Amino acid sequence: MGIVQLVDRFALEATVRELKSYPAITLAVNVSGTAASDPAWLQSFVEYVREQQDVAPRLIVELTETAALHHFEENARFVSQLREMGVRVAIDDFDAGYTSFRNLQMLHVDTVKIDGSYVKDLSQSPENQVFVRTLVGLARNFDIKTVAEWVGSDDDAALLQNFGVDYFQGLHFGEPALDSKWA
(Lines give C-alpha, C1' and ligand atoms only; values in the text may rest on other atoms or scores of the structure.)
Protein backbone atom coordinates (compact mmCIF):
# COMPACT_ATOMS: atom_id res chain seq x y z
CA MET A 1 0.00 0.00 0.00
CA GLY A 2 3.02 2.28 0.12
CA ILE A 3 2.45 3.52 3.67
CA VAL A 4 5.21 1.72 5.51
CA GLN A 5 7.26 4.91 5.90
CA LEU A 6 4.25 6.57 7.55
CA VAL A 7 3.91 3.59 9.87
CA ASP A 8 7.62 3.80 10.71
CA ARG A 9 7.29 7.53 11.50
CA PHE A 10 4.23 6.87 13.66
CA ALA A 11 6.16 4.16 15.54
CA LEU A 12 9.07 6.55 16.14
CA GLU A 13 6.79 9.31 17.40
CA ALA A 14 4.87 6.90 19.67
CA THR A 15 8.15 5.55 21.05
CA VAL A 16 9.43 9.05 21.79
CA ARG A 17 6.13 9.92 23.55
CA GLU A 18 6.52 6.86 25.79
CA LEU A 19 10.15 7.72 26.53
CA LYS A 20 9.16 11.26 27.50
CA SER A 21 6.32 10.00 29.70
CA TYR A 22 8.41 7.35 31.46
CA PRO A 23 11.99 8.56 32.07
CA ALA A 24 13.14 5.24 33.57
CA ILE A 25 12.55 3.12 30.45
CA THR A 26 14.51 2.34 27.29
CA LEU A 27 12.65 1.35 24.14
CA ALA A 28 13.51 0.09 20.68
CA VAL A 29 11.88 1.06 17.41
CA ASN A 30 12.22 -0.80 14.12
CA VAL A 31 12.99 0.85 10.79
CA SER A 32 11.56 -1.03 7.82
CA GLY A 33 13.66 -2.00 4.83
CA THR A 34 11.70 0.43 2.67
CA ALA A 35 12.45 3.37 4.95
CA ALA A 36 16.09 2.28 5.38
CA SER A 37 16.54 2.53 1.61
CA ASP A 38 15.31 6.14 1.41
CA PRO A 39 18.05 8.69 2.26
CA ALA A 40 15.52 11.53 2.64
CA TRP A 41 13.44 9.49 5.09
CA LEU A 42 16.52 8.54 7.08
CA GLN A 43 17.55 12.20 7.31
CA SER A 44 14.07 13.20 8.53
CA PHE A 45 14.34 10.46 11.17
CA VAL A 46 17.68 11.88 12.35
CA GLU A 47 16.31 15.43 12.44
CA TYR A 48 13.30 14.32 14.50
CA VAL A 49 15.50 12.49 17.01
CA ARG A 50 17.84 15.50 17.18
CA GLU A 51 14.83 17.59 18.28
CA GLN A 52 14.18 14.99 21.02
CA GLN A 53 17.75 14.88 22.32
CA ASP A 54 16.57 14.31 25.91
CA VAL A 55 15.36 10.78 25.04
CA ALA A 56 18.07 9.81 22.55
CA PRO A 57 20.22 7.84 25.06
CA ARG A 58 17.20 5.66 25.90
CA LEU A 59 16.29 4.95 22.28
CA ILE A 60 17.42 1.88 20.36
CA VAL A 61 16.92 1.81 16.59
CA GLU A 62 16.64 -1.63 15.01
CA LEU A 63 17.56 -2.19 11.36
CA THR A 64 17.12 -5.56 9.71
CA GLU A 65 20.33 -7.17 8.56
CA THR A 66 19.36 -7.25 4.89
CA ALA A 67 18.15 -3.63 4.82
CA ALA A 68 21.28 -2.36 6.56
CA LEU A 69 23.60 -4.02 4.09
CA HIS A 70 21.66 -3.46 0.88
CA HIS A 71 22.05 0.26 1.40
CA PHE A 72 25.29 0.09 3.32
CA GLU A 73 26.67 3.59 2.78
CA GLU A 74 23.39 5.38 3.56
CA ASN A 75 22.81 3.22 6.60
CA ALA A 76 26.38 3.62 7.82
CA ARG A 77 25.85 7.41 7.75
CA PHE A 78 22.46 6.98 9.46
CA VAL A 79 23.96 4.81 12.21
CA SER A 80 26.84 7.25 12.69
CA GLN A 81 24.47 10.21 13.09
CA LEU A 82 22.30 8.29 15.55
CA ARG A 83 25.27 7.19 17.62
CA GLU A 84 26.59 10.78 17.76
CA MET A 85 23.32 11.70 19.51
CA GLY A 86 23.63 8.79 21.96
CA VAL A 87 21.10 6.50 20.26
CA ARG A 88 21.99 2.82 20.30
CA VAL A 89 21.62 0.72 17.14
CA ALA A 90 20.76 -2.96 16.77
CA ILE A 91 20.81 -5.29 13.79
CA ASP A 92 17.62 -7.35 13.83
CA ASP A 93 17.22 -10.90 12.47
CA PHE A 94 20.95 -11.56 12.38
CA ASP A 95 21.87 -14.91 10.87
CA ALA A 96 24.75 -16.75 9.31
CA GLY A 97 24.02 -16.02 5.69
CA TYR A 98 24.43 -12.48 4.60
CA THR A 99 26.25 -10.32 7.11
CA SER A 100 29.84 -10.60 8.14
CA PHE A 101 31.08 -9.31 11.45
CA ARG A 102 33.38 -7.00 9.51
CA ASN A 103 30.30 -5.23 8.13
CA LEU A 104 28.81 -5.06 11.61
CA GLN A 105 32.03 -3.59 12.88
CA MET A 106 32.01 -1.02 10.06
CA LEU A 107 28.41 -0.06 10.92
CA HIS A 108 29.39 0.32 14.60
CA VAL A 109 26.23 -1.30 15.92
CA ASP A 110 25.74 -1.88 19.62
CA THR A 111 23.64 -5.04 19.45
CA VAL A 112 22.82 -8.00 17.23
CA LYS A 113 19.53 -9.78 17.62
CA ILE A 114 20.02 -13.46 16.82
CA ASP A 115 17.36 -14.58 14.38
CA GLY A 116 14.70 -16.59 16.20
CA SER A 117 14.92 -19.46 13.74
CA TYR A 118 18.28 -20.33 15.34
CA VAL A 119 16.95 -19.95 18.87
CA LYS A 120 13.59 -21.72 18.65
CA ASP A 121 13.96 -25.21 20.18
CA LEU A 122 17.69 -24.58 20.58
CA SER A 123 18.06 -27.35 23.15
CA GLN A 124 16.99 -29.83 20.44
CA SER A 125 19.43 -28.62 17.75
CA PRO A 126 23.15 -29.29 18.21
CA GLU A 127 23.87 -27.46 14.92
CA ASN A 128 22.12 -24.29 16.05
CA GLN A 129 23.84 -24.53 19.42
CA VAL A 130 27.22 -24.41 17.67
CA PHE A 131 26.13 -21.45 15.56
CA VAL A 132 24.67 -19.45 18.45
CA ARG A 133 27.63 -20.15 20.75
CA THR A 134 30.05 -19.06 18.00
CA LEU A 135 28.06 -15.94 17.15
CA VAL A 136 27.88 -14.88 20.80
CA GLY A 137 31.63 -15.41 21.18
CA LEU A 138 32.38 -13.30 18.11
CA ALA A 139 30.00 -10.57 19.22
CA ARG A 140 31.61 -10.47 22.64
CA ASN A 141 35.06 -10.08 21.02
CA PHE A 142 33.75 -7.07 19.07
CA ASP A 143 32.07 -5.65 22.20
CA ILE A 144 28.63 -6.11 20.63
CA LYS A 145 25.70 -7.09 22.86
CA THR A 146 23.47 -10.01 21.86
CA VAL A 147 19.72 -10.57 22.05
CA ALA A 148 18.16 -14.00 21.53
CA GLU A 149 14.72 -13.86 19.89
CA TRP A 150 11.97 -16.49 20.18
CA VAL A 151 13.13 -17.97 23.49
CA GLY A 152 10.45 -20.53 24.30
CA SER A 153 11.57 -22.75 27.17
CA ASP A 154 13.60 -23.02 30.37
CA ASP A 155 16.06 -25.35 28.60
CA ASP A 156 16.64 -22.90 25.75
CA ALA A 157 16.99 -19.96 28.16
CA ALA A 158 19.53 -21.90 30.27
CA LEU A 159 21.62 -22.75 27.19
CA LEU A 160 21.54 -19.15 25.99
CA GLN A 161 22.52 -17.87 29.40
CA ASN A 162 25.38 -20.38 29.47
CA PHE A 163 26.52 -19.18 26.03
CA GLY A 164 26.65 -15.61 27.37
CA VAL A 165 23.68 -14.04 25.58
CA ASP A 166 23.02 -10.61 27.07
CA TYR A 167 19.26 -10.24 26.56
CA PHE A 168 16.29 -12.51 25.86
CA GLN A 169 12.96 -12.11 24.05
CA GLY A 170 10.21 -14.61 23.57
CA LEU A 171 7.02 -16.21 24.77
CA HIS A 172 8.93 -17.91 27.58
CA PHE A 173 9.03 -14.52 29.31
CA GLY A 174 5.54 -13.33 28.39
CA GLU A 175 3.13 -12.85 25.57
CA PRO A 176 2.92 -9.59 23.62
CA ALA A 177 0.43 -7.17 25.11
CA LEU A 178 -1.06 -3.85 24.09
CA ASP A 179 -0.76 -2.33 27.55
CA SER A 180 2.64 -1.15 28.65
CA LYS A 181 4.06 -2.89 31.70
CA TRP A 182 5.91 0.24 32.80
CA ALA A 183 2.80 2.47 33.03
# chains A, B, ... in the order shown; residues from 1 in each chain; ligands from 1
call {"tool": "select_by_dssp", "arguments": {"residues": "region 50-126 of chain A", "states": "helix (DSSP H, G or I)", "output": "ChimeraX atom specification"}}
result
/A:50-51,56-58,65-70,72-84,101-107,116-119,122-124,126
call {"tool": "closest_atom_pairs", "arguments": {"of": "region 87-156 of chain A", "to": "region 25-36 of chain A", "cutoff": "12 Å", "atoms": "only C-alpha atoms", "output": "JSON lines"}}
result
{"residue": "A:Val87", "atom": "CA", "partner": "A:Ala28", "partner_atom": "CA", "distance": 9.9}
{"residue": "A:Arg88", "atom": "CA", "partner": "A:Ala28", "partner_atom": "CA", "distance": 8.9}
{"residue": "A:Val89", "atom": "CA", "partner": "A:Ala28", "partner_atom": "CA", "distance": 8.9}
{"residue": "A:Ala90", "atom": "CA", "partner": "A:Ala28", "partner_atom": "CA", "distance": 8.8}
{"residue": "A:Ile91", "atom": "CA", "partner": "A:Asn30", "partner_atom": "CA", "distance": 9.7}
{"residue": "A:Asp92", "atom": "CA", "partner": "A:Asn30", "partner_atom": "CA", "distance": 8.5}
{"residue": "A:Asp93", "atom": "CA", "partner": "A:Asn30", "partner_atom": "CA", "distance": 11.4}
{"residue": "A:Thr111", "atom": "CA", "partner": "A:Ala28", "partner_atom": "CA", "distance": 11.4}
{"residue": "A:Lys113", "atom": "CA", "partner": "A:Ala28", "partner_atom": "CA", "distance": 12.0}
call {"tool": "select_by_dssp", "arguments": {"residues": "chain A", "states": "strand (DSSP E or B)", "output": "PyMOL selection string"}}
result
chain A and resi 27-31+59-64+88-94+111-114+145-148+167-168
call {"tool": "residues_around", "arguments": {"residues": "Ala148 (chain A)", "least_positions_apart": "6", "cutoff": "8 Å", "atoms": "only C-alpha atoms", "output": "ChimeraX atom specification"}}
result
/A:113-116,119,160,165,167-169
call {"tool": "closest_residue", "arguments": {"among": "A:Thr66, A:Asn162, A:Gln52, A:Thr15", "to": "Asn103 (chain A)", "atoms": "only C-alpha atoms"}}
result
A:Thr66
